[in-house]
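Structure file protein.cif (mmCIF, C-alpha atoms) is printed below.
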```
data_work
#
loop_
_atom_site.label_atom_id
_atom_site.label_comp_id
_atom_site.auth_asym_id
_atom_site.auth_seq_id
_atom_site.Cartn_x
_atom_site.Cartn_y
_atom_site.Cartn_z
CA MET A 1 8.13 1.27 -5.46
CA THR A 2 7.08 3.22 -2.41
CA ASN A 3 4.27 2.84 0.06
CA THR A 4 2.42 5.81 -1.45
CA ILE A 5 0.58 6.07 -4.74
CA GLU A 6 0.84 9.45 -6.46
CA LYS A 7 -0.98 10.59 -9.57
CA ARG A 8 -0.95 13.90 -11.36
CA ILE A 9 -3.42 14.79 -14.06
CA GLU A 10 -4.23 17.98 -15.97
CA LEU A 11 -7.91 18.59 -16.49
CA ASN A 12 -9.21 21.02 -19.09
CA ALA A 13 -11.97 22.27 -16.84
CA PRO A 14 -12.24 25.10 -14.32
CA ILE A 15 -11.36 24.27 -10.72
CA SER A 16 -14.97 24.87 -9.64
CA ARG A 17 -16.13 22.22 -12.11
CA VAL A 18 -13.55 19.70 -10.85
CA TRP A 19 -14.42 20.44 -7.23
CA ARG A 20 -18.06 19.69 -7.92
CA ALA A 21 -17.22 16.45 -9.73
CA LEU A 22 -15.20 15.34 -6.70
CA THR A 23 -17.41 16.41 -3.83
CA ASP A 24 -20.98 16.28 -5.08
CA HIS A 25 -21.82 12.69 -4.20
CA ARG A 26 -23.94 12.17 -7.33
CA GLU A 27 -21.26 13.54 -9.63
CA PHE A 28 -18.55 11.58 -7.82
CA GLY A 29 -20.65 8.49 -8.33
CA GLU A 30 -20.93 9.14 -12.09
CA TRP A 31 -17.23 8.81 -12.81
CA PHE A 32 -16.27 6.64 -9.87
CA ARG A 33 -19.14 4.28 -10.67
CA VAL A 34 -20.83 4.10 -7.31
CA LYS A 35 -24.36 5.06 -6.28
CA LEU A 36 -23.92 6.89 -2.99
CA ASP A 37 -26.75 7.15 -0.47
CA SER A 38 -26.08 10.66 0.83
CA PRO A 39 -23.87 13.76 0.45
CA PHE A 40 -20.27 13.79 1.64
CA ILE A 41 -19.87 15.27 5.13
CA PRO A 42 -16.46 15.45 6.87
CA GLY A 43 -16.24 12.93 9.69
CA GLU A 44 -19.09 10.83 8.37
CA THR A 45 -19.13 7.50 6.63
CA SER A 46 -20.26 7.52 3.04
CA ARG A 47 -21.85 4.35 1.67
CA GLY A 48 -23.23 3.17 -1.59
CA LYS A 49 -23.37 0.43 -4.16
CA ILE A 50 -20.72 -0.02 -6.83
CA THR A 51 -22.25 0.46 -10.29
CA TYR A 52 -19.24 -0.90 -12.18
CA PRO A 53 -20.53 -3.82 -14.27
CA GLY A 54 -19.91 -7.09 -12.50
CA TYR A 55 -19.30 -5.49 -9.11
CA GLU A 56 -22.82 -4.30 -8.32
CA HIS A 57 -23.09 -6.55 -5.26
CA ILE A 58 -20.28 -4.70 -3.52
CA THR A 59 -20.77 -1.95 -0.96
CA TRP A 60 -18.58 1.12 -1.25
CA GLU A 61 -17.58 2.68 2.04
CA ALA A 62 -15.33 5.58 2.97
CA VAL A 63 -15.00 8.05 5.82
CA VAL A 64 -14.83 11.63 4.59
CA GLN A 65 -11.94 13.51 6.20
CA LYS A 66 -11.44 17.00 4.76
CA MET A 67 -13.36 19.22 2.39
CA GLU A 68 -11.49 22.48 1.84
CA PRO A 69 -13.29 24.09 -1.09
CA GLU A 70 -11.41 23.91 -4.38
CA GLN A 71 -8.26 22.81 -2.59
CA LEU A 72 -8.49 19.51 -0.78
CA PHE A 73 -10.90 16.62 -0.59
CA SER A 74 -9.87 13.53 1.37
CA PHE A 75 -11.29 10.31 2.68
CA THR A 76 -10.11 7.07 4.25
CA TRP A 77 -11.19 3.71 2.88
CA HIS A 78 -10.09 0.21 2.05
CA PRO A 79 -8.59 0.70 -1.39
CA PHE A 80 -10.64 -0.83 -4.17
CA ALA A 81 -11.98 -3.45 -1.82
CA ILE A 82 -13.58 -5.35 -4.64
CA GLU A 83 -13.00 -9.01 -3.90
CA PRO A 84 -16.10 -10.16 -2.01
CA ASP A 85 -14.34 -13.08 -0.36
CA VAL A 86 -11.48 -11.03 1.05
CA ASP A 87 -11.74 -9.71 4.58
CA TYR A 88 -10.57 -6.13 4.20
CA SER A 89 -11.11 -5.37 7.87
CA ALA A 90 -7.70 -6.95 8.43
CA GLU A 91 -6.16 -4.21 6.29
CA PRO A 92 -5.74 -0.66 7.54
CA PRO A 93 -7.75 2.08 5.91
CA THR A 94 -5.64 4.18 3.58
CA LEU A 95 -5.90 7.94 3.15
CA VAL A 96 -6.89 9.29 -0.27
CA GLU A 97 -6.25 12.99 -0.91
CA PHE A 98 -7.31 14.97 -3.95
CA ARG A 99 -5.51 18.33 -4.16
CA LEU A 100 -6.44 20.90 -6.74
CA GLU A 101 -4.42 23.75 -8.21
CA PRO A 102 -5.59 26.19 -10.88
CA THR A 103 -3.57 26.28 -14.09
CA HIS A 104 -3.72 28.62 -17.14
CA ASP A 105 -6.33 26.58 -18.92
CA GLY A 106 -7.76 24.32 -16.30
CA THR A 107 -6.96 22.41 -13.16
CA LEU A 108 -4.10 20.31 -11.92
CA LEU A 109 -5.26 17.36 -9.83
CA LEU A 110 -2.79 15.66 -7.51
CA LEU A 111 -3.93 12.42 -6.02
CA THR A 112 -2.11 10.60 -3.26
CA GLU A 113 -3.03 7.42 -1.48
CA SER A 114 -0.95 6.66 1.61
CA GLY A 115 -0.96 4.59 4.76
CA PHE A 116 -0.55 1.11 3.29
CA ASP A 117 1.72 0.33 6.24
CA ASN A 118 -0.62 1.54 8.99
CA ILE A 119 -1.19 -1.54 10.97
CA PRO A 120 -3.31 -1.10 14.07
CA ALA A 121 -1.23 -0.14 17.10
CA GLY A 122 -2.41 -3.17 19.06
CA ARG A 123 -1.01 -5.53 16.45
CA ARG A 124 2.28 -3.74 16.07
CA PRO A 125 5.17 -5.34 17.97
CA ASP A 126 7.88 -3.01 19.31
CA ALA A 127 10.25 -3.93 16.54
CA PHE A 128 7.68 -2.78 13.96
CA ARG A 129 8.25 0.85 14.83
CA MET A 130 8.56 2.84 11.70
CA ASN A 131 11.79 4.27 10.51
CA ASP A 132 11.27 6.20 7.32
CA GLY A 133 14.92 6.66 6.42
CA GLY A 134 15.99 4.85 3.34
CA TRP A 135 12.64 3.30 2.59
CA THR A 136 12.31 4.48 -0.98
CA GLU A 137 15.87 3.76 -1.99
CA GLN A 138 15.95 0.31 -0.45
CA MET A 139 12.55 -0.57 -1.84
CA LYS A 140 13.92 0.17 -5.30
CA ASN A 141 16.74 -2.30 -4.68
CA ILE A 142 14.33 -4.92 -3.48
CA GLU A 143 12.00 -4.29 -6.37
CA ASN A 144 14.89 -4.71 -8.78
CA TYR A 145 15.70 -7.96 -7.13
CA VAL A 146 12.13 -9.20 -7.17
CA THR A 147 11.70 -8.23 -10.82
CA ARG A 148 14.84 -10.09 -11.72
CA ALA A 149 13.83 -13.16 -9.73
CA SER A 150 10.37 -13.48 -11.20
CA MET B 151 16.41 -19.30 -4.76
CA SER B 152 16.18 -22.50 -2.79
CA GLN B 153 12.97 -24.41 -3.33
CA GLU B 154 13.47 -26.57 -0.27
CA HIS B 155 11.11 -24.62 1.88
CA PRO B 156 7.82 -24.11 0.12
CA ASN B 157 5.42 -21.73 1.79
CA SER B 158 2.86 -23.25 4.01
CA ALA B 159 -0.57 -21.67 3.99
CA ALA B 160 0.12 -20.22 7.42
CA GLU B 161 3.15 -18.39 6.14
CA VAL B 162 1.48 -16.65 3.22
CA GLU B 163 -1.56 -15.33 5.10
CA HIS B 164 -0.29 -11.95 6.19
CA SER B 165 -1.98 -8.67 5.71
CA HIS B 166 -0.36 -6.40 3.18
CA ALA B 167 -0.05 -3.79 5.89
CA GLU B 168 2.09 -6.04 8.06
CA VAL B 169 4.42 -6.68 5.15
CA PHE B 170 4.63 -2.95 4.40
CA ALA B 171 5.31 -2.22 8.05
CA ALA B 172 7.98 -4.91 8.25
CA LEU B 173 9.71 -3.32 5.28
CA GLY B 174 9.46 0.19 6.73
CA ASP B 175 12.72 0.02 8.64
CA GLU B 176 16.22 0.73 7.45
CA THR B 177 17.88 -2.08 9.39
CA ARG B 178 15.48 -4.67 8.07
CA LEU B 179 15.85 -3.37 4.53
CA SER B 180 19.61 -3.63 4.83
CA LEU B 181 19.26 -7.22 6.06
CA ILE B 182 17.02 -8.00 3.08
CA ALA B 183 19.53 -6.37 0.76
CA LYS B 184 22.10 -8.92 1.95
CA LEU B 185 19.73 -11.87 1.91
CA CYS B 186 18.60 -10.96 -1.61
CA ASP B 187 21.49 -12.89 -3.13
CA GLY B 188 19.57 -16.06 -2.36
CA GLN B 189 22.12 -17.60 0.01
CA PRO B 190 21.25 -18.65 3.53
CA TYR B 191 22.98 -16.44 6.12
CA SER B 192 23.81 -17.07 9.73
CA ILE B 193 23.23 -14.34 12.30
CA SER B 194 27.00 -14.03 12.71
CA ARG B 195 27.46 -13.30 9.03
CA LEU B 196 24.60 -10.83 9.04
CA SER B 197 26.12 -9.05 12.06
CA GLU B 198 29.62 -8.86 10.57
CA ASP B 199 29.71 -5.28 9.31
CA SER B 200 26.87 -4.02 11.43
CA LYS B 201 26.89 -1.80 14.50
CA LEU B 202 23.96 -3.73 15.86
CA THR B 203 24.22 -6.53 18.37
CA ARG B 204 23.34 -10.08 17.45
CA GLN B 205 20.28 -9.75 19.68
CA ALA B 206 19.07 -6.70 17.77
CA ILE B 207 19.63 -8.42 14.43
CA THR B 208 17.80 -11.49 15.65
CA LYS B 209 14.85 -9.36 16.67
CA HIS B 210 14.66 -7.77 13.23
CA LEU B 211 14.97 -11.16 11.54
CA ARG B 212 12.07 -12.43 13.62
CA VAL B 213 9.92 -9.53 12.41
CA LEU B 214 10.78 -10.42 8.80
CA GLU B 215 10.11 -14.07 9.53
CA SER B 216 6.74 -13.25 11.10
CA VAL B 217 5.49 -11.90 7.76
CA GLY B 218 7.18 -14.59 5.67
CA ILE B 219 9.88 -12.41 4.10
CA VAL B 220 12.57 -14.65 5.56
CA HIS B 221 12.60 -18.30 6.51
CA SER B 222 14.89 -19.76 9.09
CA VAL B 223 16.38 -23.21 8.76
CA ARG B 224 18.41 -25.11 11.34
CA ARG B 225 21.84 -26.26 10.34
CA GLY B 226 23.47 -28.06 13.22
CA ARG B 227 23.33 -25.70 16.19
CA GLU B 228 22.92 -22.65 14.00
CA SER B 229 19.89 -20.95 12.50
CA LEU B 230 20.30 -19.80 8.93
CA PHE B 231 18.05 -17.22 7.32
CA GLU B 232 16.88 -17.14 3.71
CA PHE B 233 14.98 -14.52 1.74
CA ASN B 234 11.52 -15.34 0.40
CA PRO B 235 10.44 -12.79 -2.26
CA GLN B 236 6.80 -13.81 -2.32
CA PRO B 237 5.34 -11.37 0.26
CA VAL B 238 7.23 -8.50 -1.39
CA GLU B 239 5.94 -9.55 -4.80
CA GLU B 240 2.43 -9.69 -3.40
CA ILE B 241 2.44 -6.16 -2.05
CA LYS B 242 4.00 -4.93 -5.28
CA GLU B 243 1.19 -6.55 -7.26
CA TYR B 244 -1.33 -5.12 -4.84
CA LEU B 245 0.03 -1.57 -5.21
CA ASP B 246 0.13 -1.99 -8.99
CA LEU B 247 -3.51 -3.06 -8.94
CA VAL B 248 -4.61 -0.08 -6.83
CA SER B 249 -2.53 2.23 -9.02
CA GLU B 250 -4.13 0.85 -12.19
CA GLN B 251 -7.61 1.33 -10.70
CA TRP B 252 -6.79 4.97 -10.03
CA ASP B 253 -5.55 5.48 -13.59
CA GLN B 254 -8.87 4.22 -14.87
CA ALA B 255 -10.94 6.24 -12.38
CA LEU B 256 -9.02 9.45 -13.12
CA SER B 257 -9.40 9.01 -16.87
CA ARG B 258 -13.16 8.68 -16.34
CA LEU B 259 -13.07 11.83 -14.18
CA LYS B 260 -11.20 13.65 -16.96
CA ALA B 261 -13.78 12.64 -19.56
CA PHE B 262 -16.56 13.60 -17.13
CA VAL B 263 -15.37 17.16 -16.37
CA GLU B 264 -14.20 17.91 -19.91
CA GLU B 265 -17.36 16.82 -21.72
#
```
Turn the structure described in the file into structure tokens.
Amino acid sequence: MTNTIEKRIELNAPISRVWRALTDHREFGEWFRVKLDSPFIPGETSRGKITYPGYEHITWEAVVQKMEPEQLFSFTWHPFAIEPDVDYSAEPPTLVEFRLEPTHDGTLLLLTESGFDNIPAGRRPDAFRMNDGGWTEQMKNIENYVTRAS
Amino acid sequence: MSQEHPNSAAEVEHSHAEVFAALGDETRLSLIAKLCDGQPYSISRLSEDSKLTRQAITKHLRVLESVGIVHSVRRGRESLFEFNPQPVEEIKEYLDLVSEQWDQALSRLKAFVEE
């Protein structure tokens, strides 16, 4: 267990095809299941309605960060903020990055989502200052403990 | 685990981010590693093989307490600290949920670009 989610998937499609599926807002909406109001523009908020059955009342919102053609697409958002009665504004936005690499017969997509520990500076007491050393290793120990205890 | 100190509503309402941030420190993780055995510990015992002062350890324990990862109980003139796994379980479940959503979304992306 870490505070970053990482995924790696091989796609049997040219990198240009994958780039379009990620960054054309209509195509993104097809597989992500959201009907977006307007094209993605770095620095701007993208909004739309979830089209996933049962979640149509929910607004999708993200702020587009980077669009480096066929290499990097990123946005910040509240991850899968799908419970209508939960106030996600209390949670920090996380950063989602899609990185693309060409392979022999397609495209390698690396997805990372990070920043689950980004609490707003104003709410962060001095003692909350981050110290990255040992996080992953110790989290494994704690996870082992928690798994055993539950 | 002791069941003597059930969580009050106030203690469980912490943002995931605050729990993540509380865990993002080596000293606090090492304190949790000790407290994980389920026994209550005094500050003196927690400071035994540490280079940190009692004051520093107390400060870290208060951070963990503020997000519900530890509880303190009075015993005589001493405060004892106990581990509460619930906030850690909650963020683990939360990360697992987000991770699962990505697996589903990426498999739809795969079908979409390969069709």
I need the output of the PyMOL selection byres ((chain B and resi 194-208) around 10) for this file as a ChimeraX atom specification; which residues are they? /A:127 /B:177-178,180-181,184-185,190-193,209-214,228-231
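Applied to the file shown here, the PyMOL selection byres ((chain B and resi 232) around 10) selects the residues Met151, Ser152, His155, Ile182, Lys184, Leu185, Cys186, Asp187, Gly188, Gln189, Pro190, Tyr191, Ser192, Glu215, Ile219, Val220, His221, Ser222, Val223, Leu230, Phe231, Phe233, Asn234 and Pro235 of chain B.
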With a distance threshold of 7 Å and counting only C-alpha atoms, extract the residues of chain B near chain A and express them as a ChimeraX atom specification. /B:165-168,170-172,174-176,179,183,186,210,213,235,239,248-249,255,258-260,262-264
So how far away is atom CA of A:Thr103 from atom CA of A:Val63, in Å? 29.3 Å
Counting only C-alpha atoms, I want the residues whose atoms come within 12 Å of (-27.8, 3.7, -6.5) in the file frame, returned as number ranges by chain. A: 25-26, 29-30, 33-38, 47-52, 56-60
Using atom CA of A:Glu61 and atom CA of B:Lys242 as the two end points, give the distance in Å to one decimal.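 So the two atoms, atom CA of A:Glu61 and atom CA of B:Lys242, lie 24.0 Å apart.
Comparing A:Ser114, A:Pro102, A:Ser16, A:Pro39 by their smallest distance to A:Trp77, the closest is A:Ser114 (using all atoms listed in the file).
If you look at atom CA of B:Glu250 and atom CA of A:Asp24, they are 23.9 Å away from each other.
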Might I get the box with edges along x, y and z of the file that holds all atoms of stretch 27-32 of chain A listed there, padded by 6 Å on every side, given as centre and edge lengths in Å to one decimal, as JSON?
```
{"center_x": -18.8, "center_y": 10.1, "center_z": -10.3, "size_x": 17.0, "size_y": 18.9, "size_z": 17.0}
```
If we count only C-alpha atoms, what is near A:Leu72 at a cut-off of 8 Å, once residues fewer than 4 positions away on the same chain are taken out, given as a PyMOL selection string? chain A and resi 66-68+97-100
